[in-house]
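First the structure, in the form of structure tokens, and then the observations on it.
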Amino acid sequence: TMGLWARAAVPCTYALFERVKLEIAALGGVIDDTEYGADICLYVSLMADTVDALQKRLTELSSGSLKLEVLDEEYRPGPREEVK
């Protein structure tokens with residue numbers, strides 16, 4: 001099954017890093033790359049219809065200081081469906 005995926009840059013502080021990773025995983029997202037500097041920037045792929053949900057969680061976690069940036073969208077295989 002093909003689905004619309006978004007690739008996004010998610011900046012975060014070191015203090016929120018583990019929590020942000022958990023939020024991405026909870027929405028079925030995948031971390032493609034990580035850049036470390038004064039802060040961290042995660043490059044993630046997630047289903048396009050979950051972008052708003054992730055932004056909402058980032059806003060709650062950071063009191064509004066974290067904002068993700070959608071870099072592009074493309075159709076890819078997935079998400080995987082469980083076979084019963």
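Labels used: A, B, ... for chains in the order of the structure tokens, numbers from 1 for residues in each chain, and numbers from 1 for ligands as shown.
Near segment 15-19 of chain A, within a cut-off of 10 Å and counting only C-alpha atoms, sit the residues Ala25, Asp39, Ile40, Cys41, Leu42, Leu58, Leu61 and Ser62 of chain A, with same-chain residues fewer than 6 positions away left out.
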Could the residues in this selection be written to a file with N, CA, C and O atoms, as a PDB file, in the first residue's frame?
```pdb
ATOM      1  N   ALA A  25       8.118   8.081  17.392  1.00  0.00           N
ATOM      2  CA  ALA A  25       7.863   6.638  17.283  1.00  0.00           C
ATOM      3  C   ALA A  25       6.399   6.306  17.554  1.00  0.00           C
ATOM      4  O   ALA A  25       5.825   5.446  16.883  1.00  0.00           O
ATOM      5  N   ASP A  39      21.971  22.677  19.646  1.00  0.00           N
ATOM      6  CA  ASP A  39      20.747  21.912  19.852  1.00  0.00           C
ATOM      7  C   ASP A  39      20.785  20.736  18.887  1.00  0.00           C
ATOM      8  O   ASP A  39      21.753  20.546  18.162  1.00  0.00           O
ATOM      9  N   ILE A  40      19.724  19.975  18.849  1.00  0.00           N
ATOM     10  CA  ILE A  40      19.648  18.802  17.988  1.00  0.00           C
ATOM     11  C   ILE A  40      18.593  19.061  16.912  1.00  0.00           C
ATOM     12  O   ILE A  40      17.584  19.689  17.180  1.00  0.00           O
ATOM     13  N   CYS A  41      18.846  18.553  15.708  1.00  0.00           N
ATOM     14  CA  CYS A  41      17.833  18.594  14.650  1.00  0.00           C
ATOM     15  C   CYS A  41      17.634  17.174  14.142  1.00  0.00           C
ATOM     16  O   CYS A  41      18.584  16.529  13.699  1.00  0.00           O
ATOM     17  N   LEU A  42      16.424  16.689  14.273  1.00  0.00           N
ATOM     18  CA  LEU A  42      16.063  15.359  13.790  1.00  0.00           C
ATOM     19  C   LEU A  42      15.396  15.504  12.429  1.00  0.00           C
ATOM     20  O   LEU A  42      14.537  16.355  12.245  1.00  0.00           O
ATOM     21  N   LEU A  58       4.731  18.510  20.185  1.00  0.00           N
ATOM     22  CA  LEU A  58       5.941  19.317  20.371  1.00  0.00           C
ATOM     23  C   LEU A  58       5.612  20.624  21.083  1.00  0.00           C
ATOM     24  O   LEU A  58       6.359  21.077  21.953  1.00  0.00           O
ATOM     25  N   LEU A  61       5.047  19.820  24.753  1.00  0.00           N
ATOM     26  CA  LEU A  61       6.287  19.471  25.449  1.00  0.00           C
ATOM     27  C   LEU A  61       7.185  20.672  25.714  1.00  0.00           C
ATOM     28  O   LEU A  61       7.877  20.727  26.718  1.00  0.00           O
ATOM     29  N   SER A  62       7.166  21.622  24.781  1.00  0.00           N
ATOM     30  CA  SER A  62       8.132  22.719  24.835  1.00  0.00           C
ATOM     31  C   SER A  62       7.521  24.076  25.157  1.00  0.00           C
ATOM     32  O   SER A  62       8.198  25.092  25.032  1.00  0.00           O
TER      33      SER A  62
END
```
- For Leu27 of chain A, please output as a list in words all residues within 8 Å (counting only C-alpha atoms; exclusion window: fewer than 4 positions along the same chain). Glu23, Leu46, Thr50 and Leu54 of chain A
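With only C-alpha atoms as the basis for measurement, A:Met47 is the residue among A:Gly64, A:Tyr14, A:Met47, A:Lys56 that approaches Val30 of chain A most closely.
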- Message: Please identify the strand (DSSP E) residues within chain A (assignment by DSSP from backbone atoms) and present them as a ChimeraX atom specification.
- Response: /A:2-12,30-36,40-47,69-77
- How would you write, as a PyMOL selection string, the set of residues in chain A that DSSP gives as helix (DSSP H, G or I)? chain A and resi 14-26+48-62
Now that the selection is made, can you save its residues with N, CA, C and O atoms as a short mmCIF file (atom, residue, chain, number, x, y, z; two decimals), in the first residue's frame?
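Full text of again-v2.cif as output:
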```cif
data_model
loop_
_atom_site.label_atom_id
_atom_site.label_comp_id
_atom_site.auth_asym_id
_atom_site.auth_seq_id
_atom_site.Cartn_x
_atom_site.Cartn_y
_atom_site.Cartn_z
N TYR A 14 18.60 19.25 23.95
CA TYR A 14 19.09 17.99 24.49
C TYR A 14 18.18 17.48 25.60
O TYR A 14 17.97 16.28 25.73
N ALA A 15 17.60 18.37 26.37
CA ALA A 15 16.72 17.98 27.48
C ALA A 15 15.46 17.27 26.98
O ALA A 15 14.93 16.39 27.66
N LEU A 16 14.98 17.63 25.79
CA LEU A 16 13.75 17.04 25.25
C LEU A 16 14.00 15.94 24.23
O LEU A 16 13.06 15.33 23.73
N PHE A 17 15.25 15.66 23.93
CA PHE A 17 15.61 14.74 22.85
C PHE A 17 14.94 13.37 22.97
O PHE A 17 14.29 12.91 22.04
N GLU A 18 15.08 12.71 24.10
CA GLU A 18 14.51 11.37 24.26
C GLU A 18 12.99 11.40 24.16
O GLU A 18 12.37 10.52 23.57
N ARG A 19 12.38 12.41 24.75
CA ARG A 19 10.92 12.52 24.71
C ARG A 19 10.42 12.75 23.28
O ARG A 19 9.42 12.18 22.86
N VAL A 20 11.12 13.59 22.53
CA VAL A 20 10.74 13.84 21.14
C VAL A 20 10.86 12.56 20.31
O VAL A 20 9.98 12.25 19.50
N LYS A 21 11.92 11.78 20.54
CA LYS A 21 12.07 10.51 19.83
C LYS A 21 10.89 9.58 20.13
O LYS A 21 10.38 8.91 19.22
N LEU A 22 10.46 9.53 21.37
CA LEU A 22 9.31 8.69 21.74
C LEU A 22 8.03 9.15 21.06
O LEU A 22 7.23 8.33 20.61
N GLU A 23 7.84 10.46 20.98
CA GLU A 23 6.64 11.00 20.32
C GLU A 23 6.63 10.67 18.83
O GLU A 23 5.59 10.32 18.26
N ILE A 24 7.78 10.75 18.19
CA ILE A 24 7.88 10.42 16.77
C ILE A 24 7.55 8.94 16.56
O ILE A 24 6.77 8.59 15.69
N ALA A 25 8.12 8.08 17.39
CA ALA A 25 7.86 6.64 17.28
C ALA A 25 6.40 6.31 17.55
O ALA A 25 5.82 5.45 16.88
N ALA A 26 5.78 7.00 18.50
CA ALA A 26 4.39 6.73 18.84
C ALA A 26 3.45 7.03 17.67
O ALA A 26 2.40 6.42 17.55
N ALA A 48 1.92 11.77 6.35
CA ALA A 48 1.57 13.19 6.24
C ALA A 48 0.39 13.58 7.12
O ALA A 48 0.35 14.70 7.63
N ASP A 49 -0.53 12.65 7.36
CA ASP A 49 -1.69 13.00 8.18
C ASP A 49 -1.39 13.02 9.68
O ASP A 49 -2.25 13.34 10.48
N THR A 50 -0.14 12.70 10.07
CA THR A 50 0.23 12.77 11.49
C THR A 50 1.10 13.98 11.82
O THR A 50 1.47 14.17 12.98
N VAL A 51 1.42 14.80 10.82
CA VAL A 51 2.28 15.97 11.04
C VAL A 51 1.66 16.93 12.07
O VAL A 51 2.33 17.39 12.98
N ASP A 52 0.37 17.21 11.92
CA ASP A 52 -0.29 18.12 12.86
C ASP A 52 -0.29 17.57 14.28
O ASP A 52 -0.11 18.32 15.24
N ALA A 53 -0.48 16.26 14.41
CA ALA A 53 -0.46 15.65 15.74
C ALA A 53 0.92 15.77 16.38
O ALA A 53 1.03 16.05 17.58
N LEU A 54 1.98 15.58 15.58
CA LEU A 54 3.33 15.72 16.13
C LEU A 54 3.59 17.17 16.52
O LEU A 54 4.15 17.42 17.60
N GLN A 55 3.18 18.12 15.69
CA GLN A 55 3.39 19.52 16.05
C GLN A 55 2.65 19.87 17.33
O GLN A 55 3.18 20.60 18.18
N LYS A 56 1.47 19.35 17.51
CA LYS A 56 0.71 19.60 18.74
C LYS A 56 1.46 19.07 19.96
O LYS A 56 1.58 19.75 20.98
N ARG A 57 2.01 17.85 19.85
CA ARG A 57 2.77 17.26 20.97
C ARG A 57 4.05 18.06 21.24
O ARG A 57 4.41 18.27 22.39
N LEU A 58 4.73 18.51 20.19
CA LEU A 58 5.94 19.32 20.37
C LEU A 58 5.61 20.62 21.08
O LEU A 58 6.36 21.08 21.95
N THR A 59 4.49 21.24 20.72
CA THR A 59 4.06 22.48 21.35
C THR A 59 3.80 22.25 22.83
O THR A 59 4.22 23.05 23.68
N GLU A 60 3.13 21.15 23.15
CA GLU A 60 2.85 20.84 24.55
C GLU A 60 4.11 20.57 25.34
O GLU A 60 4.26 21.04 26.48
N LEU A 61 5.05 19.82 24.75
CA LEU A 61 6.29 19.47 25.45
C LEU A 61 7.18 20.67 25.71
O LEU A 61 7.88 20.73 26.72
N SER A 62 7.17 21.62 24.78
CA SER A 62 8.13 22.72 24.83
C SER A 62 7.52 24.08 25.16
O SER A 62 8.20 25.09 25.03
#
```
- Item | Of the listed residues A:Ala38, A:Tyr75, A:Gly28, A:Ser45, that which approaches Cys12 of chain A most closely, counting only C-alpha atoms | A:Ala38
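One finds atom CA of Val70 of chain A at 6.5 Å from atom CA of Ala9 of chain A.
Counting from atom CA of Pro77 of chain A, the distance to atom CA of Tyr43 of chain A is 18.7 Å.
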- Message: Between atom CA of Asp32 of chain A and atom CA of Glu69 of chain A, what distance in Å does the model show, to one decimal?
- Response: 14.6 Å
